[in-house]
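**Q** Compact mmCIF, C-alpha atoms, saved as structure_32.txt, coming up:
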```txt
# COMPACT_ATOMS: atom_id res chain seq x y z
CA MET F 1 22.17 6.51 1.96
CA HIS F 2 19.46 7.28 -0.58
CA TYR F 3 20.05 8.76 -4.03
CA ASN F 4 17.88 11.59 -5.29
CA PHE F 5 15.19 10.51 -7.76
CA ALA F 6 12.71 13.28 -7.01
CA GLY F 7 10.56 14.01 -10.06
CA LYS F 8 11.61 10.76 -11.76
CA ASN F 9 9.33 7.97 -12.93
CA ALA F 10 10.68 4.44 -12.94
CA LEU F 11 9.79 0.97 -14.17
CA VAL F 12 11.36 -2.12 -12.60
CA THR F 13 10.60 -5.52 -14.10
CA GLY F 14 10.35 -8.52 -11.82
CA SER F 15 9.83 -6.27 -8.81
CA SER F 16 7.37 -8.18 -6.63
CA LYS F 17 10.18 -9.81 -4.64
CA GLY F 18 13.93 -10.18 -4.24
CA ILE F 19 16.31 -7.70 -5.82
CA GLY F 20 13.62 -6.06 -7.97
CA ARG F 21 11.45 -5.36 -4.92
CA ALA F 22 14.37 -3.82 -3.05
CA VAL F 23 15.26 -1.63 -6.05
CA ALA F 24 11.67 -0.38 -6.42
CA ILE F 25 11.51 0.56 -2.75
CA GLU F 26 14.91 2.24 -2.82
CA LEU F 27 13.91 4.29 -5.87
CA ALA F 28 10.77 5.37 -4.02
CA ARG F 29 12.82 6.38 -1.00
CA GLY F 30 14.73 8.62 -3.36
CA GLY F 31 11.49 10.24 -4.50
CA ALA F 32 10.59 8.27 -7.65
CA ASN F 33 7.18 7.04 -8.71
CA VAL F 34 7.49 3.37 -9.62
CA THR F 35 5.75 0.82 -11.82
CA ILE F 36 5.92 -2.60 -10.19
CA ASN F 37 5.94 -5.56 -12.58
CA CYS F 38 5.16 -9.20 -11.89
CA SER F 39 4.21 -12.19 -14.01
CA SER F 40 2.08 -14.05 -11.47
CA SER F 41 2.72 -13.00 -7.85
CA ARG F 42 0.18 -10.15 -7.91
CA SER F 43 -0.43 -10.12 -4.15
CA LEU F 44 3.27 -9.60 -3.47
CA ALA F 45 3.42 -6.84 -6.09
CA ASP F 46 0.46 -5.11 -4.47
CA GLU F 47 2.31 -5.23 -1.13
CA VAL F 48 5.30 -3.50 -2.72
CA ALA F 49 3.02 -0.83 -4.17
CA ARG F 50 1.44 -0.20 -0.77
CA GLU F 51 4.86 0.10 0.84
CA ILE F 52 5.91 2.65 -1.77
CA GLU F 53 2.75 4.67 -1.20
CA LEU F 54 3.51 4.70 2.54
CA ILE F 55 6.92 6.15 1.68
CA GLY F 56 5.08 8.99 -0.03
CA THR F 57 5.41 8.42 -3.76
CA ARG F 58 3.10 6.78 -6.28
CA ALA F 59 3.07 3.20 -7.55
CA ILE F 60 1.14 1.09 -10.00
CA VAL F 61 1.28 -2.65 -10.62
CA VAL F 62 1.38 -4.10 -14.13
CA GLU F 63 1.09 -7.87 -14.38
CA CYS F 64 2.64 -9.18 -17.59
CA ASP F 65 5.06 -11.73 -19.01
CA VAL F 66 8.11 -9.80 -20.20
CA SER F 67 8.76 -12.41 -22.90
CA GLU F 68 5.75 -10.95 -24.75
CA GLN F 69 6.91 -7.86 -26.65
CA SER F 70 3.50 -6.24 -26.99
CA ALA F 71 2.86 -6.68 -23.26
CA VAL F 72 6.14 -4.95 -22.39
CA GLU F 73 5.39 -2.08 -24.77
CA ASP F 74 1.95 -1.74 -23.20
CA MET F 75 3.55 -1.68 -19.73
CA VAL F 76 5.75 1.24 -20.74
CA LYS F 77 2.68 3.02 -22.12
CA LYS F 78 0.77 2.46 -18.87
CA THR F 79 3.70 3.90 -16.93
CA VAL F 80 3.71 7.04 -19.06
CA ASP F 81 -0.08 7.34 -18.97
CA GLU F 82 0.00 7.15 -15.16
CA PHE F 83 3.08 9.21 -14.33
CA GLY F 84 3.67 11.35 -17.42
CA SER F 85 7.10 10.01 -18.42
CA LEU F 86 9.59 7.18 -18.06
CA ASP F 87 12.98 8.33 -16.80
CA VAL F 88 14.46 5.21 -15.19
CA PHE F 89 14.25 1.60 -16.33
CA VAL F 90 15.59 -1.50 -14.59
CA SER F 91 15.51 -4.86 -16.36
CA ASN F 92 15.43 -7.42 -13.57
CA ALA F 93 12.83 -10.07 -14.48
CA VAL F 94 14.32 -13.50 -14.92
CA TYR F 95 13.48 -17.17 -15.26
CA SER F 96 15.82 -20.14 -14.99
CA ASP F 97 15.59 -23.92 -15.09
CA ARG F 98 18.62 -25.97 -14.11
CA GLN F 99 19.45 -29.20 -15.93
CA LEU F 100 22.40 -30.63 -17.78
CA MET F 101 22.26 -29.50 -21.38
CA VAL F 102 21.94 -33.04 -22.76
CA GLU F 103 19.01 -33.75 -20.44
CA ALA F 104 17.28 -30.37 -20.59
CA ASP F 105 13.54 -30.04 -21.04
CA MET F 106 13.57 -27.77 -24.07
CA LYS F 107 10.37 -26.02 -22.99
CA GLY F 108 12.08 -24.76 -19.84
CA PHE F 109 15.31 -24.08 -21.75
CA ARG F 110 13.47 -21.86 -24.23
CA LYS F 111 11.48 -20.13 -21.49
CA THR F 112 14.74 -19.24 -19.75
CA ILE F 113 15.99 -17.61 -22.94
CA ASP F 114 12.65 -15.97 -23.70
CA VAL F 115 12.30 -14.30 -20.30
CA SER F 116 15.93 -13.67 -19.38
CA MET F 117 17.21 -12.54 -22.79
CA TRP F 118 14.25 -11.49 -24.97
CA GLY F 119 12.44 -10.02 -21.98
CA ALA F 120 15.45 -7.84 -21.21
CA PHE F 121 15.67 -6.74 -24.84
CA TYR F 122 11.98 -5.89 -25.14
CA GLY F 123 12.17 -3.78 -21.99
CA LEU F 124 15.36 -2.03 -23.03
CA ARG F 125 13.99 -1.26 -26.50
CA ALA F 126 10.60 0.03 -25.35
CA ALA F 127 12.14 2.12 -22.57
CA ALA F 128 14.75 3.60 -24.91
CA GLN F 129 12.13 4.47 -27.53
CA GLN F 130 10.08 6.29 -24.92
CA MET F 131 13.10 8.15 -23.54
CA ILE F 132 14.17 9.22 -27.03
CA ASP F 133 10.66 10.56 -27.72
CA GLN F 134 10.76 12.53 -24.46
CA GLY F 135 14.08 14.09 -25.42
CA LYS F 136 15.47 14.49 -21.92
CA GLY F 137 17.76 11.49 -21.55
CA GLY F 138 17.33 8.69 -19.05
CA ALA F 139 19.02 5.92 -17.11
CA ILE F 140 18.76 2.18 -17.74
CA THR F 141 20.35 -0.65 -15.79
CA ILE F 142 20.32 -4.27 -16.91
CA VAL F 143 20.58 -6.71 -14.01
CA SER F 144 22.75 -9.51 -15.33
CA SER F 145 24.94 -12.05 -13.54
CA PRO F 146 28.44 -13.52 -13.20
CA HIS F 147 26.82 -16.38 -15.15
CA SER F 148 27.58 -14.26 -18.21
CA LEU F 149 31.28 -14.92 -17.55
CA VAL F 150 31.40 -18.22 -15.67
CA PRO F 151 30.05 -21.38 -17.38
CA PHE F 152 28.14 -22.79 -14.41
CA PRO F 153 27.07 -26.37 -15.21
CA THR F 154 23.33 -27.17 -15.42
CA ALA F 155 22.66 -23.49 -16.25
CA MET F 156 23.47 -23.32 -19.96
CA ALA F 157 20.34 -21.41 -21.01
CA TYR F 158 20.76 -18.91 -18.19
CA ASN F 159 24.48 -18.53 -18.94
CA MET F 160 23.68 -17.90 -22.60
CA ALA F 161 20.98 -15.36 -21.79
CA LYS F 162 23.14 -13.39 -19.37
CA ALA F 163 26.13 -13.34 -21.73
CA ALA F 164 23.83 -12.04 -24.47
CA ILE F 165 22.28 -9.22 -22.42
CA ASP F 166 25.69 -7.99 -21.29
CA HIS F 167 26.70 -7.40 -24.90
CA MET F 168 23.20 -6.11 -25.65
CA ALA F 169 23.58 -3.46 -22.95
CA ARG F 170 27.02 -2.37 -24.13
CA THR F 171 25.72 -2.05 -27.69
CA ALA F 172 22.74 -0.04 -26.48
CA ALA F 173 25.04 2.22 -24.46
CA ILE F 174 26.95 3.31 -27.56
CA GLU F 175 23.79 3.64 -29.66
CA LEU F 176 21.93 5.71 -27.07
CA ILE F 177 24.70 7.96 -25.76
CA LYS F 178 23.82 10.68 -28.27
CA HIS F 179 20.34 10.83 -26.73
CA GLY F 180 21.68 11.33 -23.22
CA ILE F 181 20.52 7.85 -22.20
CA ARG F 182 22.94 5.90 -20.03
CA VAL F 183 22.90 2.08 -20.06
CA ASN F 184 24.82 0.06 -17.49
CA ILE F 185 25.05 -3.55 -16.34
CA PHE F 186 24.88 -4.85 -12.78
CA HIS F 187 26.26 -8.21 -11.64
CA PRO F 188 25.00 -9.39 -8.25
CA GLY F 189 26.70 -12.32 -6.55
CA TRP F 190 24.95 -15.10 -4.64
CA ILE F 191 22.07 -13.23 -3.03
CA ASP F 192 19.56 -14.34 -0.40
CA THR F 193 16.38 -14.16 -2.49
CA PRO F 194 13.22 -16.26 -2.80
CA GLY F 195 14.41 -17.41 -6.24
CA GLU F 196 17.36 -19.26 -4.76
CA ARG F 197 14.92 -21.55 -2.94
CA LYS F 198 13.98 -23.01 -6.32
CA PHE F 199 17.41 -24.64 -6.52
CA PHE F 200 18.69 -24.97 -2.95
CA SER F 201 17.40 -26.03 0.45
CA GLU F 202 17.91 -23.78 3.47
CA LYS F 203 20.69 -26.10 4.64
CA GLN F 204 22.44 -25.90 1.26
CA LEU F 205 22.17 -22.11 1.30
CA GLU F 206 23.63 -21.92 4.80
CA GLU F 207 26.51 -24.24 3.92
CA GLY F 208 27.14 -22.49 0.61
CA ALA F 209 27.15 -19.08 2.29
CA ARG F 210 29.83 -20.16 4.76
CA ALA F 211 32.05 -21.20 1.85
CA LEU F 212 31.92 -17.77 0.21
CA PRO F 213 34.84 -15.34 0.71
CA MET F 214 32.70 -13.11 2.95
CA GLY F 215 31.10 -16.06 4.67
CA ARG F 216 27.52 -15.01 3.86
CA LEU F 217 25.05 -14.41 1.07
CA GLY F 218 24.44 -10.88 -0.11
CA THR F 219 21.14 -9.12 0.54
CA SER F 220 18.67 -7.64 -1.93
CA GLU F 221 18.97 -4.31 -0.12
CA GLU F 222 22.73 -4.23 -0.71
CA MET F 223 22.18 -4.89 -4.39
CA ALA F 224 19.53 -2.16 -4.55
CA HIS F 225 22.02 0.42 -3.28
CA GLY F 226 24.45 -0.55 -6.03
CA ILE F 227 21.82 -0.56 -8.77
CA CYS F 228 20.41 2.79 -7.67
CA PHE F 229 23.91 4.26 -7.77
CA THR F 230 24.18 3.34 -11.47
CA LEU F 231 20.84 5.05 -12.09
CA SER F 232 21.62 8.19 -10.11
CA GLU F 233 23.25 11.49 -10.99
CA ALA F 234 26.24 10.33 -8.95
CA ALA F 235 26.96 8.01 -11.89
CA SER F 236 26.28 10.63 -14.58
CA TYR F 237 29.59 9.86 -16.35
CA MET F 238 29.04 6.08 -16.30
CA THR F 239 27.66 4.22 -19.30
CA GLY F 240 28.39 0.84 -20.89
CA THR F 241 29.97 -0.25 -17.61
CA THR F 242 29.53 -3.41 -15.54
CA MET F 243 29.23 -2.89 -11.79
CA THR F 244 29.80 -6.02 -9.71
CA MET F 245 28.71 -6.62 -6.10
CA ASP F 246 29.48 -10.30 -5.52
CA GLY F 247 31.14 -10.52 -2.12
CA GLY F 248 34.43 -11.45 -3.73
CA VAL F 249 33.31 -14.68 -5.40
CA GLN F 250 35.30 -13.88 -8.54
CA LEU F 251 38.53 -13.29 -6.65
CA PRO F 252 41.30 -15.95 -6.83
CA TRP F 253 40.77 -19.06 -4.72
CA TRP F 254 43.32 -17.99 -2.11
CA SER F 255 41.18 -14.98 -1.22
CA LYS F 256 38.76 -17.30 0.55
CA ARG F 257 38.90 -16.55 4.22
CA SER F 258 40.15 -19.34 6.49
CA GLU F 259 39.35 -20.17 10.06
CA GLY F 260 42.93 -19.44 11.03
CA GLY F 261 42.97 -16.09 9.26
CA GLN F 262 45.75 -17.23 6.92
```
Any chance you could give the structure as structure tokens?

**A**
Amino acid sequence: MHYNFAGKNALVTGSSKGIGRAVAIELARGGANVTINCSSSRSLADEVAREIELIGTRAIVVECDVSEQSAVEDMVKKTVDEFGSLDVFVSNAVYSDRQLMVEADMKGFRKTIDVSMWGAFYGLRAAAQQMIDQGKGGAITIVSSPHSLVPFPTAMAYNMAKAAIDHMARTAAIELIKHGIRVNIFHPGWIDTPGERKFFSEKQLEEGARALPMGRLGTSEEMAHGICFTLSEAASYMTGTTMTMDGGVQLPWWSKRSEGGQ
């Protein structure tokens, strides 16, 4: 199933791989032109752009660090210069280091906050300003995490950032509703992405997946379908809402499936 984004122009941060890549491709399948963003993996971003062009829509790549406000504002400008407008924005770029708070390297701690919180804010603000100027509404989705609700140890900076952007998005939703701009939040569960390899070995991922209620990790493509729903006209009455696709990880412990089916 593909949602209709014909005539729409989109910007997806952190879209050279993982969930962001899948969202960019799914938007293109729906007819959108897409700006692909990366901070360093330019070759992967170029591959995404080529795949989108094969689908039949247009794509550009903008390499920038979303923790730099001016760079994000320039990225929005480049999107508008290339496509004529910005109608859809997805904040997906993220960074995370994992250490106990008392042992944390503060450089990595601050970078996690700068990219995952400030980066989301800069993108939201610049996209909203552009959409207000255009005067025809828009759709924004902030990719957050169950980390905003669950205090996972060794992930304090990431937990803080995700909790902050959830409330940021809800505040933006009420501020922007008069402009016809919808803002929603998306919580993916444990997803099979390249980023997970920073923290876990393949064996740990396989063992962890078996322990989940559904017995597997989610896929980026599954998350893209959910995110694109929030951006589509099918969700035209949805704003300030959190959509969760986590394979049941937040269900009570007894929901975990057992070998005996009990």

**Q** Just give me the gap between CA of Val62 in chain F and CA of Ile191 in chain F in Å, one decimal is fine.

**A**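 For CA of Val62 in chain F relative to CA of Ile191 in chain F, the distance reads 25.2 Å.
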
**Q** Could you check the closest approach to Gly180 in chain F for each of F:Leu217, F:Ala32, F:Ala157, F:Ala128 and tell me which residue wins, using only C-alpha atoms?

**A**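 Ranked by minimum distance to Gly180 in chain F, first place goes to F:Ala128.
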
**Q** For a cut-off of 12 Å around (9.4, -15.3, -3.5), file coordinates, pick out all residues using all atoms listed in the file and list them as a list in words.

**A** Gly14, Ser15, Ser16, Lys17, Gly18, Ile19, Gly20, Arg21, Cys38, Ser40, Ser41, Arg42, Ser43, Leu44, Ala45, Asp192, Thr193, Pro194, Gly195, Glu196, Arg197 and Lys198 of chain F

**Q** Out of F:Ala224, F:Leu54, F:Ala211, F:Met160, which residue has the shortest atom-to-atom distance to Val90 in chain F when counting only C-alpha atoms?

**A**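 The shortest atom-to-atom distance to Val90 in chain F comes from F:Ala224.
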
**Q** Can you tell me, as AutoDock Vina command-line options, the centre and edge lengths (Å, one decimal) of the axis-aligned box enclosing all of range 114-117 of chain F's listed atoms after padding each side by 5 Å?

**A**
```
--center_x 14.8 --center_y -14.3 --center_z -21.5 --size_x 14.9 --size_y 13.4 --size_z 14.3
```

**Q** State, in Å with one decimal place, the distance from CA of Ile25 in chain F to CA of Ile113 in chain F.

**A**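 Straight-line distance from CA of Ile25 in chain F to CA of Ile113 in chain F works out to 27.5 Å.
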
**Q** Using all atoms listed in the file, determine which residues lie at most 12 Å from Asn92 in chain F, disregarding the query and same-chain residues fewer than 6 positions distant; provide the list as a ChimeraX atom specification.

**A** /F:11-24,36-38,66,115-117,119-121,123-124,140-145,162,165,185-188,223-224,227
